[in-house]
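Containing compact mmCIF, C-alpha atoms: model_35.txt.
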```txt
# COMPACT_ATOMS: atom_id res chain seq x y z
CA MET A 1202 74.93 -62.49 181.25
CA SER A 1203 74.02 -61.47 184.80
CA ASN A 1204 71.22 -58.97 185.35
CA LEU A 1205 73.04 -57.51 188.36
CA LYS A 1206 73.97 -53.86 188.03
CA ILE A 1207 77.47 -53.18 189.36
CA GLY A 1208 78.91 -49.82 190.42
CA TRP A 1209 82.60 -48.94 190.65
CA VAL A 1210 84.04 -45.92 192.44
CA GLY A 1211 87.73 -45.05 192.12
CA LEU A 1212 89.53 -45.52 188.83
CA GLY A 1213 93.29 -45.57 189.06
CA ASN A 1214 95.29 -48.08 187.05
CA MET A 1215 94.19 -50.96 189.31
CA GLY A 1216 90.57 -49.91 189.47
CA ASN A 1217 90.31 -49.48 185.70
CA ALA A 1218 91.78 -52.92 185.07
CA MET A 1219 89.46 -54.59 187.57
CA ALA A 1220 86.34 -52.76 186.43
CA ALA A 1221 87.16 -53.68 182.83
CA ASN A 1222 87.04 -57.35 183.81
CA ILE A 1223 83.57 -56.84 185.31
CA LEU A 1224 82.45 -55.45 181.95
CA LYS A 1225 84.05 -58.30 180.02
CA ALA A 1226 82.18 -60.80 182.21
CA GLY A 1227 78.89 -59.37 180.96
CA TYR A 1228 77.80 -57.26 183.90
CA GLU A 1229 76.12 -53.89 183.47
CA LEU A 1230 78.57 -51.38 184.95
CA GLN A 1231 78.27 -47.82 186.18
CA VAL A 1232 81.41 -45.91 187.13
CA PHE A 1233 82.20 -42.74 189.04
CA ASN A 1234 85.49 -40.97 189.58
CA ARG A 1235 85.97 -37.42 190.78
CA SER A 1236 88.49 -37.01 187.98
CA ARG A 1237 86.09 -37.70 185.12
CA GLU A 1238 88.95 -38.12 182.67
CA LYS A 1239 89.71 -41.49 184.26
CA GLU A 1240 86.25 -42.80 183.30
CA LYS A 1241 86.70 -42.40 179.55
CA GLU A 1242 88.35 -45.74 178.81
CA LEU A 1243 85.65 -47.72 180.58
CA VAL A 1244 82.83 -45.65 179.12
CA SER A 1245 84.25 -46.32 175.66
CA ALA A 1246 84.14 -50.04 176.51
CA GLY A 1247 80.47 -49.90 177.48
CA ALA A 1248 80.26 -48.61 181.06
CA VAL A 1249 77.86 -45.84 182.03
CA SER A 1250 79.17 -42.70 183.71
CA ALA A 1251 77.07 -42.07 186.84
CA ALA A 1252 75.91 -38.54 187.55
CA GLY A 1253 77.17 -38.86 191.11
CA LEU A 1254 77.70 -41.20 194.04
CA LYS A 1255 74.10 -40.96 195.21
CA GLU A 1256 72.78 -41.88 191.77
CA LEU A 1257 75.25 -44.73 191.34
CA ALA A 1258 74.25 -46.29 194.67
CA ARG A 1259 70.58 -45.88 193.84
CA ASP A 1260 70.90 -47.59 190.44
CA CYS A 1261 73.30 -50.45 191.27
CA ASP A 1262 72.86 -53.67 193.24
CA ILE A 1263 76.51 -54.02 194.32
CA VAL A 1264 79.00 -51.15 194.52
CA PHE A 1265 82.79 -51.51 194.72
CA THR A 1266 84.99 -48.76 196.09
CA MET A 1267 88.76 -48.66 195.62
CA LEU A 1268 90.39 -45.44 196.78
CA ALA A 1269 93.72 -44.11 197.93
CA ASP A 1270 93.33 -43.87 201.70
CA ASP A 1271 91.03 -43.94 204.73
CA ASN A 1272 89.85 -40.34 204.41
CA ALA A 1273 88.93 -40.74 200.75
CA VAL A 1274 86.94 -43.89 201.48
CA LYS A 1275 85.08 -42.37 204.43
CA SER A 1276 84.21 -39.32 202.34
CA VAL A 1277 82.70 -41.42 199.55
CA TYR A 1278 80.51 -43.29 202.04
CA GLU A 1279 79.43 -40.58 204.45
CA ASP A 1280 79.34 -37.25 202.54
CA ARG A 1281 76.02 -35.51 202.12
CA ASP A 1282 75.74 -36.76 198.54
CA GLY A 1283 77.77 -39.92 199.13
CA LEU A 1284 76.91 -43.56 198.59
CA LEU A 1285 74.75 -43.83 201.71
CA SER A 1286 72.87 -40.57 201.20
CA GLY A 1287 69.86 -42.18 199.54
CA ILE A 1288 70.66 -45.87 199.18
CA ASP A 1289 67.94 -48.52 199.30
CA GLU A 1290 68.00 -51.19 201.97
CA GLY A 1291 69.55 -54.56 201.19
CA LYS A 1292 72.27 -53.47 198.82
CA LEU A 1293 75.91 -54.53 199.14
CA LEU A 1294 78.91 -52.20 199.29
CA ILE A 1295 82.40 -53.70 198.94
CA ASP A 1296 85.50 -51.69 199.79
CA MET A 1297 88.69 -52.94 198.12
CA SER A 1298 90.88 -50.11 199.40
CA THR A 1299 93.83 -50.68 201.73
CA VAL A 1300 92.67 -49.03 204.95
CA ALA A 1301 92.94 -49.48 208.69
CA LEU A 1302 91.04 -52.25 210.44
CA ALA A 1303 89.22 -49.55 212.42
CA THR A 1304 88.08 -47.85 209.21
CA SER A 1305 86.60 -51.07 207.83
CA VAL A 1306 84.77 -51.71 211.11
CA TYR A 1307 83.51 -48.11 211.10
CA LEU A 1308 82.23 -48.40 207.52
CA ALA A 1309 80.51 -51.69 208.33
CA GLY A 1310 78.67 -50.04 211.22
CA LEU A 1311 77.74 -47.07 209.07
CA CYS A 1312 76.31 -49.37 206.41
CA GLN A 1313 74.45 -51.40 209.01
CA SER A 1314 72.74 -48.22 210.25
CA HIS A 1315 71.36 -47.81 206.70
CA ALA A 1316 70.34 -51.50 206.45
CA VAL A 1317 73.06 -52.03 203.84
CA SER A 1318 75.59 -54.90 203.76
CA PHE A 1319 79.35 -54.31 203.69
CA LEU A 1320 82.49 -56.29 202.94
CA ASP A 1321 86.11 -55.20 203.24
CA ALA A 1322 87.90 -56.96 200.39
CA PRO A 1323 91.37 -55.57 199.65
CA VAL A 1324 93.55 -57.34 197.12
CA SER A 1325 97.10 -58.62 196.85
CA GLY A 1326 98.60 -57.93 193.45
CA SER A 1327 99.45 -55.06 191.15
CA VAL A 1328 98.30 -53.82 187.74
CA GLN A 1329 99.29 -56.90 185.76
CA PRO A 1330 97.39 -59.40 187.96
CA ALA A 1331 94.47 -56.95 188.04
CA THR A 1332 94.40 -56.96 184.25
CA GLU A 1333 94.70 -60.73 184.09
CA GLY A 1334 92.06 -61.30 186.78
CA THR A 1335 94.54 -63.18 188.97
CA LEU A 1336 94.45 -61.10 192.15
CA ILE A 1337 94.15 -62.57 195.64
CA ILE A 1338 91.15 -61.11 197.47
CA MET A 1339 91.05 -61.00 201.28
CA VAL A 1340 87.53 -60.62 202.63
CA GLY A 1341 86.01 -59.63 205.96
CA GLY A 1342 82.29 -59.56 206.71
CA GLU A 1343 79.23 -61.78 206.89
CA SER A 1344 79.40 -65.15 205.13
CA GLU A 1345 76.12 -64.62 203.24
CA ASP A 1346 77.43 -61.35 201.82
CA TYR A 1347 80.64 -63.08 200.78
CA SER A 1348 78.56 -65.75 199.00
CA GLN A 1349 76.64 -63.06 197.13
CA ALA A 1350 79.87 -61.38 196.02
CA LEU A 1351 81.74 -64.59 195.18
CA PRO A 1352 80.86 -64.68 191.44
CA LEU A 1353 82.33 -61.18 191.12
CA PHE A 1354 85.41 -62.07 193.13
CA GLU A 1355 85.92 -65.02 190.75
CA VAL A 1356 86.00 -62.53 187.86
CA LEU A 1357 88.51 -60.28 189.62
CA GLY A 1358 90.90 -62.80 191.15
CA LYS A 1359 92.30 -66.31 191.11
CA LEU A 1360 91.59 -66.72 194.82
CA SER A 1361 89.26 -65.12 197.33
CA LEU A 1362 89.30 -66.01 201.02
CA HIS A 1363 86.63 -65.21 203.60
CA LEU A 1364 88.81 -64.59 206.64
CA GLY A 1365 86.32 -63.60 209.30
CA GLY A 1366 84.26 -60.63 210.44
CA HIS A 1367 84.49 -57.02 209.32
CA GLY A 1368 88.08 -55.82 209.26
CA ALA A 1369 89.64 -59.25 208.73
CA GLY A 1370 90.39 -58.49 205.08
CA SER A 1371 92.04 -55.20 206.00
CA SER A 1372 94.17 -56.90 208.65
CA ALA A 1373 95.41 -59.52 206.19
CA LYS A 1374 96.16 -56.87 203.56
CA VAL A 1375 98.31 -54.79 205.90
CA ALA A 1376 100.19 -57.93 206.95
CA ILE A 1377 100.99 -59.04 203.39
CA ASN A 1378 102.11 -55.54 202.45
CA TYR A 1379 104.52 -55.54 205.38
CA LEU A 1380 106.07 -58.69 203.91
CA LEU A 1381 106.18 -57.00 200.49
CA ALA A 1382 108.09 -54.05 201.95
CA VAL A 1383 110.59 -56.28 203.76
CA GLN A 1384 111.20 -58.40 200.65
CA THR A 1385 111.62 -55.33 198.44
CA GLN A 1386 114.15 -53.69 200.72
CA ALA A 1387 116.00 -56.99 201.20
CA LEU A 1388 116.26 -57.49 197.43
CA ALA A 1389 117.55 -53.95 196.96
CA GLU A 1390 120.13 -54.36 199.71
CA THR A 1391 121.29 -57.72 198.33
CA VAL A 1392 121.87 -56.35 194.83
CA LEU A 1393 123.71 -53.29 196.13
CA PHE A 1394 125.86 -55.35 198.52
CA ALA A 1395 126.82 -57.71 195.69
CA GLN A 1396 127.70 -54.78 193.41
CA HIS A 1397 129.85 -53.25 196.15
CA ASN A 1398 131.84 -56.46 196.15
CA GLY A 1399 132.26 -56.65 192.40
CA ILE A 1400 129.27 -58.82 191.40
CA ASP A 1401 127.30 -57.61 188.39
CA LYS A 1402 123.64 -56.94 189.29
CA GLU A 1403 122.35 -59.05 186.37
CA ARG A 1404 124.34 -62.02 187.63
CA MET A 1405 123.24 -61.48 191.21
CA LEU A 1406 119.59 -61.30 190.18
CA GLN A 1407 120.04 -64.50 188.18
CA ILE A 1408 121.38 -66.20 191.30
CA VAL A 1409 118.41 -64.94 193.34
CA ASN A 1410 115.77 -65.91 190.80
CA GLU A 1411 117.16 -69.36 190.00
CA GLY A 1412 117.66 -70.30 193.65
CA ALA A 1413 115.49 -70.93 196.68
CA CYS A 1414 115.38 -67.22 197.55
CA GLY A 1415 113.73 -66.27 194.27
CA ASN A 1416 110.00 -65.58 194.04
CA LYS A 1417 107.47 -63.89 191.77
CA MET A 1418 108.24 -60.51 193.30
CA SER A 1419 111.98 -60.75 192.61
CA GLN A 1420 111.28 -61.96 189.08
CA LEU A 1421 108.83 -59.13 188.39
CA LYS A 1422 111.22 -56.48 189.72
CA THR A 1423 114.36 -57.77 187.98
CA PRO A 1424 113.84 -55.86 184.68
CA SER A 1425 113.30 -52.58 186.57
CA ILE A 1426 116.45 -53.05 188.65
CA ILE A 1427 118.54 -53.89 185.57
CA LYS A 1428 117.22 -50.93 183.54
CA GLY A 1429 117.12 -48.52 186.47
CA LEU A 1430 113.57 -47.53 185.49
CA PHE A 1431 110.70 -47.83 187.95
CA PRO A 1432 107.24 -47.11 186.46
CA ALA A 1433 104.74 -47.55 189.26
CA ALA A 1434 103.03 -50.92 189.42
CA PHE A 1435 102.66 -50.17 193.15
CA ALA A 1436 103.70 -46.63 194.02
CA LEU A 1437 106.24 -46.25 196.81
CA LYS A 1438 104.07 -43.68 198.61
CA TYR A 1439 101.41 -46.34 199.16
CA ILE A 1440 103.77 -48.77 200.85
CA VAL A 1441 104.67 -45.96 203.27
CA LYS A 1442 100.96 -45.52 204.01
CA ASP A 1443 100.51 -49.26 204.52
CA LEU A 1444 103.54 -49.57 206.81
CA LYS A 1445 102.08 -46.79 208.95
CA LEU A 1446 98.77 -48.67 209.05
CA ALA A 1447 100.64 -51.76 210.20
CA ARG A 1448 102.30 -49.79 212.97
CA GLN A 1449 98.93 -48.37 214.04
CA ALA A 1450 97.57 -51.93 214.13
CA GLY A 1451 100.28 -52.93 216.63
CA LEU A 1452 103.15 -54.21 214.49
CA ASP A 1453 106.25 -54.07 216.69
CA ALA A 1454 108.55 -56.52 214.89
CA PRO A 1455 112.33 -55.91 214.80
CA LEU A 1456 112.30 -54.99 211.10
CA ALA A 1457 109.18 -52.81 211.19
CA ALA A 1458 110.78 -49.52 212.25
CA PRO A 1459 113.85 -49.60 209.95
CA VAL A 1460 111.77 -50.63 206.91
CA LEU A 1461 109.34 -47.76 207.49
CA GLU A 1462 112.28 -45.40 207.97
CA THR A 1463 113.83 -46.49 204.67
CA PHE A 1464 110.69 -46.14 202.56
CA SER A 1465 109.76 -42.85 204.25
CA GLY A 1466 113.21 -41.54 203.39
CA ALA A 1467 112.79 -42.64 199.79
CA MET A 1468 109.47 -40.83 199.57
CA GLN A 1469 110.96 -37.68 201.06
CA ALA A 1470 113.70 -37.96 198.44
CA GLY A 1471 111.07 -37.58 195.71
CA LEU A 1472 110.49 -41.23 194.79
CA GLY A 1473 106.92 -41.51 196.06
CA ASP A 1474 105.28 -41.74 192.64
CA GLU A 1475 107.74 -44.34 191.34
CA ASP A 1476 107.41 -48.06 191.95
CA LEU A 1477 108.32 -49.22 195.45
CA MET A 1478 111.37 -50.98 193.92
CA ALA A 1479 112.81 -47.49 193.38
CA VAL A 1480 113.97 -47.84 196.99
CA VAL A 1481 117.11 -49.36 195.43
CA LYS A 1482 117.98 -45.89 194.04
CA TYR A 1483 117.54 -44.30 197.44
CA LEU A 1484 119.68 -46.91 199.18
CA ASP A 1485 122.36 -46.62 196.49
CA GLU A 1486 122.55 -42.85 196.82
CA ARG A 1487 122.81 -43.08 200.62
CA LYS A 1488 126.07 -45.03 200.45
```

Go through the file and emit its structure as C-alpha cells.
Amino acid sequence: MSNLKIGWVGLGNMGNAMAANILKAGYELQVFNRSREKEKELVSAGAVSAAGLKELARDCDIVFTMLADDNAVKSVYEDRDGLLSGIDEGKLLIDMSTVALATSVYLAGLCQSHAVSFLDAPVSGSVQPATEGTLIIMVGGESEDYSQALPLFEVLGKLSLHLGGHGAGSSAKVAINYLLAVQTQALAETVLFAQHNGIDKERMLQIVNEGACGNKMSQLKTPSIIKGLFPAAFALKYIVKDLKLARQAGLDAPLAAPVLETFSGAMQAGLGDEDLMAVVKYLDERK
C-alpha cells in the first residue's frame, strides 16, 4: 500500500468510478465535491470527505481535478479558498478535465507561481472504461511530474502517453473527441439512410459491426440505437462543448462546422443530458 495521500475534486459518474479505483489500489483518498451528496458512495468505501479545497490540498500529496468546463476548473484552482490558496510547495496537481489548451497553459503557470507542479491529463473513454480502469490518458507537462504520476495513471487506465509540454494532453483530447463526434453522426446517418431504403436497423448495425467499418464505438452504441434509449455514458452537451473547443483551437476541417451544427441542434432540441448517440433521434425527427 502506498503512503501517498491522494485528493480528488469533481465526482460525476466518471470521477466516482476513477476515484474508486484509486481507493481499491490501496491509496489514502480525500474527496471534495460542491454537491456533497456525490461524495457518499466513496466515503462509504473508505474515502475521507475534505472540509474544503484548501484543506484537501494541504493534506494531500497529489490532487486530481475532473470538472465540467474551463470556468469550473479555474474556479477550483484560483478562488480565495481554492486549491492554491494555502498549498505547500512541491505538490502535484493533475487536471483530467476536457478544457482548452489555453486553460491548461494558464493553470500550469498559476501552479508554477506557487511552486506547485501541474499536469493536464484528460482521458479518452466513458463510464465503463473508467470503472474497469481501461481509460487512455493523454498527458502534457514536465517528464519528471509524469513519472511521479505514472503509478496512478496505471491504476486509472490501460495506457498513458506523455505527449509534450503543458497543454499537449488537452490538444489531443479535443482532437479525439472531434473524431468521436464525426463517427457518431456518421453512424446515425448510416442507420437512418438504410432504414429509409427499407433496411432494418438491426441488420444494418450487424453489417457495420461485422465489417471493416465497425469499431468499439459502433459496438457500444448498437444496443442504444436498437432500443431507442440513450442513458448518458457521455452526455451530448459535452460533445458540443468539446467541438467548440476544437473550433477555438483552429479546427477548420470540412466536416467541423456541420458536425457542430448538428450536435448544437440536438442540444437545443432538449437532448443535451442524453448520450451523444441520441443525435440519431434528432436527425430522424428532422427528416

Inset, instruction - Mind checking which residues fall within 8 Å of A:Ala1467, counting all atoms listed in the file, ignoring those fewer than 5 positions away in the same chain, and posting them as a ChimeraX atom specification? - result: /A:1472-1473,1480,1483

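Every protein, DNA or RNA residue with an atom at most 7 Å from stretch 1262-1273 of chain A, where all atoms listed in the file count and chain neighbours fewer than 5 positions away do not, is listed here: Leu1205, Lys1206, Ile1207, Gly1208, Trp1209, Val1210, Gly1211, Gly1216, Lys1292, Leu1293, Leu1294, Ile1295, Asp1296, Met1297, Ser1298, Thr1299, Val1300 and Thr1304 of chain A.
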
Inset, instruction - Using all atoms listed in the file, pick whichever of A:Pro1424, A:Leu1444, A:Val1306, A:Met1418 has the shortest atom-to-atom distance to A:Glu1403. - result: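 Comparing A:Pro1424, A:Leu1444, A:Val1306, A:Met1418 against A:Glu1403, the winner is A:Pro1424.
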
Legend entry - Coordinates-based distance that separates atom CA of A:Val1441 from atom CA of A:Glu1462 (Å, one decimal): 9.0 Å

Inset, instruction - May I have the residues within 7 Å of A:Met1215 as an MDAnalysis selection string, using only C-alpha atoms and disregarding those fewer than 2 positions away in the same chain? - result: chainID A and resid 1213 1217:1219 1327:1328 1331

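Picture a line from atom CA of A:Leu1380 to atom CA of A:Ala1395; it runs 22.3 Å.
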
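Distances from A:Asp1453, A:Asp1443, A:Glu1238, A:Glu1411 to A:Ser1250 were compared using all atoms listed in the file, and the smallest one belongs to A:Glu1238.
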
Inset, instruction - Have a look at A:Ala1301, A:Arg1237, A:Pro1352, A:Asp1476 and name the one nearest to A:Lys1422; count only C-alpha atoms. - result: A:Asp1476

Inset, instruction - Give the answer as one residue: which of A:Asn1222, A:Gln1231, A:Asn1410, A:Gln1420 has the shortest atom-to-atom distance to A:Gly1334, using all atoms listed in the file? - result: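 Of A:Asn1222, A:Gln1231, A:Asn1410, A:Gln1420, the one nearest A:Gly1334 is A:Asn1222, counting all atoms listed in the file.
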
Legend entry - atom CA of A:Ala1434 to atom CA of A:Asn1214, straight-line distance in Å: 8.6 Å

Inset, instruction - Write out as a PyMOL selection string which residues come within 8 Å of A:Tyr1228 when counting only C-alpha atoms, dropping same-chain ones fewer than 2 positions away. - result: chain A and resi 1202-1207+1223-1226+1230

Atoms to include: C-alpha atoms. Write the selected residues as a short mmCIF file (atom, residue, chain, number, x, y, z; two decimals), keeping the file's coordinate frame.
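Printed below is part-v9.cif as written:
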```cif
data_model
loop_
_atom_site.label_atom_id
_atom_site.label_comp_id
_atom_site.auth_asym_id
_atom_site.auth_seq_id
_atom_site.Cartn_x
_atom_site.Cartn_y
_atom_site.Cartn_z
CA MET A 1202 74.93 -62.49 181.25
CA SER A 1203 74.02 -61.47 184.80
CA ASN A 1204 71.22 -58.97 185.35
CA LEU A 1205 73.04 -57.51 188.36
CA LYS A 1206 73.97 -53.86 188.03
CA ILE A 1207 77.47 -53.18 189.36
CA ILE A 1223 83.57 -56.84 185.31
CA LEU A 1224 82.45 -55.45 181.95
CA LYS A 1225 84.05 -58.30 180.02
CA ALA A 1226 82.18 -60.80 182.21
CA LEU A 1230 78.57 -51.38 184.95
#
```

Legend entry - Selection: 12 Å around A:Leu1452, only C-alpha atoms, excl. self and same-chain fewer than 3 positions, as a PyMOL selection string: chain A and resi 1372+1375-1376+1379-1380+1443-1449+1455-1458+1461

Go ahead and save the picked residues with C-alpha atoms, as a tab-separated table (two decimals), keeping the file's coordinate frame.
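This went into part.tsv:
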```
chain	number	residue	atom	x	y	z
A	1372	SER	CA	94.17	-56.90	208.65
A	1375	VAL	CA	98.31	-54.79	205.90
A	1376	ALA	CA	100.19	-57.93	206.95
A	1379	TYR	CA	104.52	-55.54	205.38
A	1380	LEU	CA	106.07	-58.69	203.91
A	1443	ASP	CA	100.51	-49.26	204.52
A	1444	LEU	CA	103.54	-49.57	206.81
A	1445	LYS	CA	102.08	-46.79	208.95
A	1446	LEU	CA	98.77	-48.67	209.05
A	1447	ALA	CA	100.64	-51.76	210.20
A	1448	ARG	CA	102.30	-49.79	212.97
A	1449	GLN	CA	98.93	-48.37	214.04
A	1455	PRO	CA	112.33	-55.91	214.80
A	1456	LEU	CA	112.30	-54.99	211.10
A	1457	ALA	CA	109.18	-52.81	211.19
A	1458	ALA	CA	110.78	-49.52	212.25
A	1461	LEU	CA	109.34	-47.76	207.49
```

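The nearest approach to A:Tyr1439 among the residues A:Ala1322, A:Thr1423, A:Ala1454, A:Phe1464, with only C-alpha atoms taken into account, belongs to A:Phe1464.
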
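When all atoms listed in the file are used to measure the gap to A:Arg1235, the shortest distance among A:Val1277, A:Ser1314, A:Arg1404, A:Phe1431 belongs to A:Val1277.
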
For stretch 1418-1441 of chain A, supply N, CA, C and O atoms and report the output as a PDB file, in the frame of the given file.
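out00.pdb, written as the output of this step:
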```pdb
ATOM      1  N   MET A1418     107.912 -61.915 193.121  1.00  0.00           N
ATOM      2  CA  MET A1418     108.240 -60.510 193.300  1.00  0.00           C
ATOM      3  C   MET A1418     109.618 -60.196 192.756  1.00  0.00           C
ATOM      4  O   MET A1418     109.799 -59.244 191.991  1.00  0.00           O
ATOM      5  N   SER A1419     110.621 -61.014 193.100  1.00  0.00           N
ATOM      6  CA  SER A1419     111.980 -60.750 192.610  1.00  0.00           C
ATOM      7  C   SER A1419     112.043 -60.859 191.096  1.00  0.00           C
ATOM      8  O   SER A1419     112.735 -60.080 190.426  1.00  0.00           O
ATOM      9  N   GLN A1420     111.294 -61.802 190.537  1.00  0.00           N
ATOM     10  CA  GLN A1420     111.280 -61.960 189.080  1.00  0.00           C
ATOM     11  C   GLN A1420     110.627 -60.763 188.393  1.00  0.00           C
ATOM     12  O   GLN A1420     111.125 -60.276 187.371  1.00  0.00           O
ATOM     13  N   LEU A1421     109.524 -60.275 188.975  1.00  0.00           N
ATOM     14  CA  LEU A1421     108.830 -59.130 188.390  1.00  0.00           C
ATOM     15  C   LEU A1421     109.681 -57.861 188.451  1.00  0.00           C
ATOM     16  O   LEU A1421     109.642 -57.031 187.529  1.00  0.00           O
ATOM     17  N   LYS A1422     110.454 -57.712 189.518  1.00  0.00           N
ATOM     18  CA  LYS A1422     111.220 -56.480 189.720  1.00  0.00           C
ATOM     19  C   LYS A1422     112.583 -56.510 189.037  1.00  0.00           C
ATOM     20  O   LYS A1422     113.236 -55.468 188.922  1.00  0.00           O
ATOM     21  N   THR A1423     113.028 -57.671 188.600  1.00  0.00           N
ATOM     22  CA  THR A1423     114.360 -57.770 187.980  1.00  0.00           C
ATOM     23  C   THR A1423     114.539 -56.831 186.794  1.00  0.00           C
ATOM     24  O   THR A1423     115.561 -56.122 186.725  1.00  0.00           O
ATOM     25  N   PRO A1424     113.613 -56.773 185.821  1.00  0.00           N
ATOM     26  CA  PRO A1424     113.840 -55.860 184.680  1.00  0.00           C
ATOM     27  C   PRO A1424     113.993 -54.405 185.112  1.00  0.00           C
ATOM     28  O   PRO A1424     114.828 -53.671 184.551  1.00  0.00           O
ATOM     29  N   SER A1425     113.200 -53.966 186.092  1.00  0.00           N
ATOM     30  CA  SER A1425     113.300 -52.580 186.570  1.00  0.00           C
ATOM     31  C   SER A1425     114.661 -52.306 187.197  1.00  0.00           C
ATOM     32  O   SER A1425     115.268 -51.252 186.955  1.00  0.00           O
ATOM     33  N   ILE A1426     115.151 -53.246 188.001  1.00  0.00           N
ATOM     34  CA  ILE A1426     116.450 -53.050 188.650  1.00  0.00           C
ATOM     35  C   ILE A1426     117.554 -52.991 187.600  1.00  0.00           C
ATOM     36  O   ILE A1426     118.458 -52.144 187.666  1.00  0.00           O
ATOM     37  N   ILE A1427     117.506 -53.861 186.610  1.00  0.00           N
ATOM     38  CA  ILE A1427     118.540 -53.890 185.570  1.00  0.00           C
ATOM     39  C   ILE A1427     118.533 -52.602 184.750  1.00  0.00           C
ATOM     40  O   ILE A1427     119.582 -52.000 184.472  1.00  0.00           O
ATOM     41  N   LYS A1428     117.334 -52.139 184.375  1.00  0.00           N
ATOM     42  CA  LYS A1428     117.220 -50.930 183.540  1.00  0.00           C
ATOM     43  C   LYS A1428     117.356 -49.647 184.342  1.00  0.00           C
ATOM     44  O   LYS A1428     117.637 -48.587 183.775  1.00  0.00           O
ATOM     45  N   GLY A1429     117.114 -49.733 185.657  1.00  0.00           N
ATOM     46  CA  GLY A1429     117.120 -48.520 186.470  1.00  0.00           C
ATOM     47  C   GLY A1429     115.906 -47.654 186.236  1.00  0.00           C
ATOM     48  O   GLY A1429     115.926 -46.452 186.500  1.00  0.00           O
ATOM     49  N   LEU A1430     114.816 -48.249 185.768  1.00  0.00           N
ATOM     50  CA  LEU A1430     113.570 -47.530 185.490  1.00  0.00           C
ATOM     51  C   LEU A1430     112.461 -48.158 186.319  1.00  0.00           C
ATOM     52  O   LEU A1430     112.307 -49.378 186.333  1.00  0.00           O
ATOM     53  N   PHE A1431     111.638 -47.307 186.973  1.00  0.00           N
ATOM     54  CA  PHE A1431     110.700 -47.830 187.950  1.00  0.00           C
ATOM     55  C   PHE A1431     109.288 -47.245 187.760  1.00  0.00           C
ATOM     56  O   PHE A1431     108.771 -46.553 188.640  1.00  0.00           O
ATOM     57  N   PRO A1432     108.648 -47.529 186.614  1.00  0.00           N
ATOM     58  CA  PRO A1432     107.240 -47.110 186.460  1.00  0.00           C
ATOM     59  C   PRO A1432     106.394 -47.802 187.517  1.00  0.00           C
ATOM     60  O   PRO A1432     106.616 -48.966 187.847  1.00  0.00           O
ATOM     61  N   ALA A1433     105.432 -47.077 188.055  1.00  0.00           N
ATOM     62  CA  ALA A1433     104.740 -47.550 189.260  1.00  0.00           C
ATOM     63  C   ALA A1433     103.704 -48.629 188.961  1.00  0.00           C
ATOM     64  O   ALA A1433     102.647 -48.348 188.419  1.00  0.00           O
ATOM     65  N   ALA A1434     104.037 -49.873 189.316  1.00  0.00           N
ATOM     66  CA  ALA A1434     103.030 -50.920 189.420  1.00  0.00           C
ATOM     67  C   ALA A1434     102.361 -50.812 190.787  1.00  0.00           C
ATOM     68  O   ALA A1434     101.173 -51.059 190.945  1.00  0.00           O
ATOM     69  N   PHE A1435     103.149 -50.450 191.800  1.00  0.00           N
ATOM     70  CA  PHE A1435     102.660 -50.170 193.150  1.00  0.00           C
ATOM     71  C   PHE A1435     103.508 -49.016 193.661  1.00  0.00           C
ATOM     72  O   PHE A1435     104.687 -49.194 193.972  1.00  0.00           O
ATOM     73  N   ALA A1436     102.925 -47.832 193.710  1.00  0.00           N
ATOM     74  CA  ALA A1436     103.700 -46.630 194.020  1.00  0.00           C
ATOM     75  C   ALA A1436     104.289 -46.682 195.425  1.00  0.00           C
ATOM     76  O   ALA A1436     103.644 -47.132 196.381  1.00  0.00           O
ATOM     77  N   LEU A1437     105.513 -46.209 195.543  1.00  0.00           N
ATOM     78  CA  LEU A1437     106.240 -46.250 196.810  1.00  0.00           C
ATOM     79  C   LEU A1437     105.494 -45.509 197.913  1.00  0.00           C
ATOM     80  O   LEU A1437     105.508 -45.940 199.077  1.00  0.00           O
ATOM     81  N   LYS A1438     104.793 -44.437 197.577  1.00  0.00           N
ATOM     82  CA  LYS A1438     104.070 -43.680 198.610  1.00  0.00           C
ATOM     83  C   LYS A1438     103.001 -44.522 199.288  1.00  0.00           C
ATOM     84  O   LYS A1438     102.670 -44.309 200.463  1.00  0.00           O
ATOM     85  N   TYR A1439     102.472 -45.507 198.563  1.00  0.00           N
ATOM     86  CA  TYR A1439     101.410 -46.340 199.160  1.00  0.00           C
ATOM     87  C   TYR A1439     101.978 -47.371 200.121  1.00  0.00           C
ATOM     88  O   TYR A1439     101.309 -47.732 201.095  1.00  0.00           O
ATOM     89  N   ILE A1440     103.193 -47.832 199.880  1.00  0.00           N
ATOM     90  CA  ILE A1440     103.770 -48.770 200.850  1.00  0.00           C
ATOM     91  C   ILE A1440     104.108 -48.036 202.144  1.00  0.00           C
ATOM     92  O   ILE A1440     104.019 -48.610 203.231  1.00  0.00           O
ATOM     93  N   VAL A1441     104.452 -46.759 202.049  1.00  0.00           N
ATOM     94  CA  VAL A1441     104.670 -45.960 203.270  1.00  0.00           C
ATOM     95  C   VAL A1441     103.366 -45.869 204.049  1.00  0.00           C
ATOM     96  O   VAL A1441     103.337 -46.076 205.274  1.00  0.00           O
TER      97      VAL A1441
END
```
